[in-house]
Amino acid sequence: MTVSDSDPEGDKPPHPGVVFPPPLLFVGGFGLGWIVHREYPQPQMSDKWLFYGEAIGSVCIGVGLAIMLWGILTFFLNHTAILPNRPASGLVNTGPYKFTRNPMYLGLTLAYSGGCFALSTLWPFVFLPLVLWILVRWVIRREERYLDSAFGDRYRAYAEKVRRFI
C-alpha cells in the first residue's frame, strides 16, 4: 500500500517534495572545490604523504559507496521508492537503516571526503559543510516531515532510536 492510498482525504503529501537529485549537491560542492583548487592549489605533499592520502581516500570512497549501495539495495528489496520525489510504500528500518536514517547520504559524504584525500585537495572540504547544511535543510527535513506525516508514531519511534547520520 502506498502512502497516498492510505490517506483518501489527501491531507498527507504524496512525497517528500524534493525537486532535485540530492547527489547533485555533492557533485556541485566537489566541483566548486575543484575549480577553486585549480585557481589556488595547495602546496604539493611529499610522495609518502600522497600515497597515504590516496590510500585513505580510496578506502573512504569504497566504504562510502558500499554504504550507499547497501541503502539503495535495502530500499529496492523493501519495494519502496529510492528517489525522494516518489511516495514511500513502507518504513524501512532494516539493513543500514538500523544504524543510520540516511545511509545513502552518509555514504555520499564518505565518498566525497575520500575524493578529497585521493586527489590531494582540501578545497572541496571547505564546501562540504555548505553541502551538508543544504542537504539537511532542503532534503532531509522535507523527508522527515513527510515520513512523520505518512507513518506517524512508527516513524517517530524509529527516529528516536536511530540517529540521523551516525
# chains A, B, ... in the order shown; residues from 1 in each chain; ligands from 1
>>> residues_around(residues="stretch 53-62 of chain A", least_positions_apart="5", cutoff="12 Å", atoms="only C-alpha atoms", output="list in words")
Gln44, Met45, Ser46, Asp47, Lys48, Ile67, Met68, Leu69, Leu106, Gly107, Leu108, Thr109, Leu110, Ala111, Tyr112, Ser113, Gly114, Gly115, Cys116, Phe117, Ala118, Leu119, Ser120, Thr121 and Leu122 of chain A
>>> atom_distance(atom1="atom CA of A:Pro87", atom2="atom CA of A:Asp148")
12.9 Å
>>> closest_atom_pairs(of="stretch 89-134 of chain A", to="stretch 26-34 of chain A", cutoff="7 Å", atoms="only C-alpha atoms", output="JSON lines")
{"residue": "A:Tyr112", "atom": "CA", "partner": "A:Phe26", "partner_atom": "CA", "distance": 7.0}
{"residue": "A:Trp123", "atom": "CA", "partner": "A:Gly33", "partner_atom": "CA", "distance": 4.8}
{"residue": "A:Pro124", "atom": "CA", "partner": "A:Gly33", "partner_atom": "CA", "distance": 3.9}
{"residue": "A:Phe127", "atom": "CA", "partner": "A:Gly29", "partner_atom": "CA", "distance": 5.6}
{"residue": "A:Leu128", "atom": "CA", "partner": "A:Gly29", "partner_atom": "CA", "distance": 6.5}
{"residue": "A:Val131", "atom": "CA", "partner": "A:Gly29", "partner_atom": "CA", "distance": 6.1}
>>> closest_residue(among="A:Leu50, A:Leu65, A:Pro103, A:Pro14", to="A:Arg163", atoms="only C-alpha atoms")
A:Pro103
>>> residues_around(residues="A:Leu73", least_positions_apart="3", cutoff="12 Å", atoms="only C-alpha atoms", output="ChimeraX atom specification")
/A:65-70,76-82,92,94-97,103-104
>>> write_last_selection(atoms="C-alpha atoms", output="short mmCIF file (atom, residue, chain, number, x, y, z; two decimals), in the first residue's frame")
data_model
loop_
_atom_site.label_atom_id
_atom_site.label_comp_id
_atom_site.auth_asym_id
_atom_site.auth_seq_id
_atom_site.Cartn_x
_atom_site.Cartn_y
_atom_site.Cartn_z
CA LEU A 65 29.91 3.69 -2.00
CA ALA A 66 29.30 0.36 -0.26
CA ILE A 67 27.13 2.02 2.41
CA MET A 68 25.24 3.99 -0.22
CA LEU A 69 24.63 0.91 -2.37
CA TRP A 70 23.57 -1.10 0.70
CA PHE A 76 14.84 -1.94 -3.52
CA LEU A 77 14.33 -5.19 -1.56
CA ASN A 78 11.64 -3.49 0.54
CA HIS A 79 9.87 -2.26 -2.61
CA THR A 80 9.90 1.40 -1.64
CA ALA A 81 10.93 4.49 -3.57
CA ILE A 82 14.61 5.29 -3.78
CA VAL A 92 12.47 0.79 6.14
CA THR A 94 16.49 -2.92 8.32
CA GLY A 95 19.99 -3.20 6.85
CA PRO A 96 21.94 0.04 7.23
CA TYR A 97 18.75 1.77 8.39
CA PRO A 103 22.90 5.71 4.81
CA MET A 104 22.84 6.96 1.23
#
>>> closest_residue(among="A:Gly152, A:Pro22, A:Gly90, A:Pro43", to="A:Asn102", atoms="only C-alpha atoms")
A:Pro22
>>> select_by_dssp(residues="stretch 90-139 of chain A", states="alpha helix (DSSP H)", output="NGL selection string")
:A and (103-118 or 123-134)
>>> write_last_selection(atoms="C-alpha atoms", output="PDB file, in the first residue's frame")
ATOM      1  CA  PRO A 103      22.901   5.712   4.812  1.00  0.00           C
ATOM      2  CA  MET A 104      22.838   6.962   1.229  1.00  0.00           C
ATOM      3  CA  TYR A 105      23.779  10.492   2.305  1.00  0.00           C
ATOM      4  CA  LEU A 106      26.307   9.173   4.808  1.00  0.00           C
ATOM      5  CA  GLY A 107      27.877   7.106   2.025  1.00  0.00           C
ATOM      6  CA  LEU A 108      27.990  10.113  -0.300  1.00  0.00           C
ATOM      7  CA  THR A 109      29.671  12.163   2.445  1.00  0.00           C
ATOM      8  CA  LEU A 110      32.318   9.487   2.983  1.00  0.00           C
ATOM      9  CA  ALA A 111      32.940   9.149  -0.770  1.00  0.00           C
ATOM     10  CA  TYR A 112      33.173  12.959  -1.118  1.00  0.00           C
ATOM     11  CA  SER A 113      35.705  13.095   1.719  1.00  0.00           C
ATOM     12  CA  GLY A 114      37.638  10.209   0.205  1.00  0.00           C
ATOM     13  CA  GLY A 115      37.791  12.057  -3.093  1.00  0.00           C
ATOM     14  CA  CYS A 116      39.458  14.986  -1.335  1.00  0.00           C
ATOM     15  CA  PHE A 117      42.119  12.695   0.120  1.00  0.00           C
ATOM     16  CA  ALA A 118      42.611  10.659  -3.045  1.00  0.00           C
ATOM     17  CA  TRP A 123      39.349  22.816  -1.160  1.00  0.00           C
ATOM     18  CA  PRO A 124      36.244  20.621  -1.571  1.00  0.00           C
ATOM     19  CA  PHE A 125      36.330  20.082   2.214  1.00  0.00           C
ATOM     20  CA  VAL A 126      35.726  23.831   2.562  1.00  0.00           C
ATOM     21  CA  PHE A 127      32.423  23.403   0.723  1.00  0.00           C
ATOM     22  CA  LEU A 128      31.343  20.175   2.479  1.00  0.00           C
ATOM     23  CA  PRO A 129      29.698  21.974   5.452  1.00  0.00           C
ATOM     24  CA  LEU A 130      27.631  24.031   2.985  1.00  0.00           C
ATOM     25  CA  VAL A 131      26.663  20.872   1.073  1.00  0.00           C
ATOM     26  CA  LEU A 132      25.579  19.178   4.314  1.00  0.00           C
ATOM     27  CA  TRP A 133      23.694  22.270   5.511  1.00  0.00           C
ATOM     28  CA  ILE A 134      21.727  22.427   2.234  1.00  0.00           C
TER      29      ILE A 134
END
>>> atom_distance(atom1="atom CA of A:Ala159", atom2="atom CA of A:Arg141")
12.3 Å
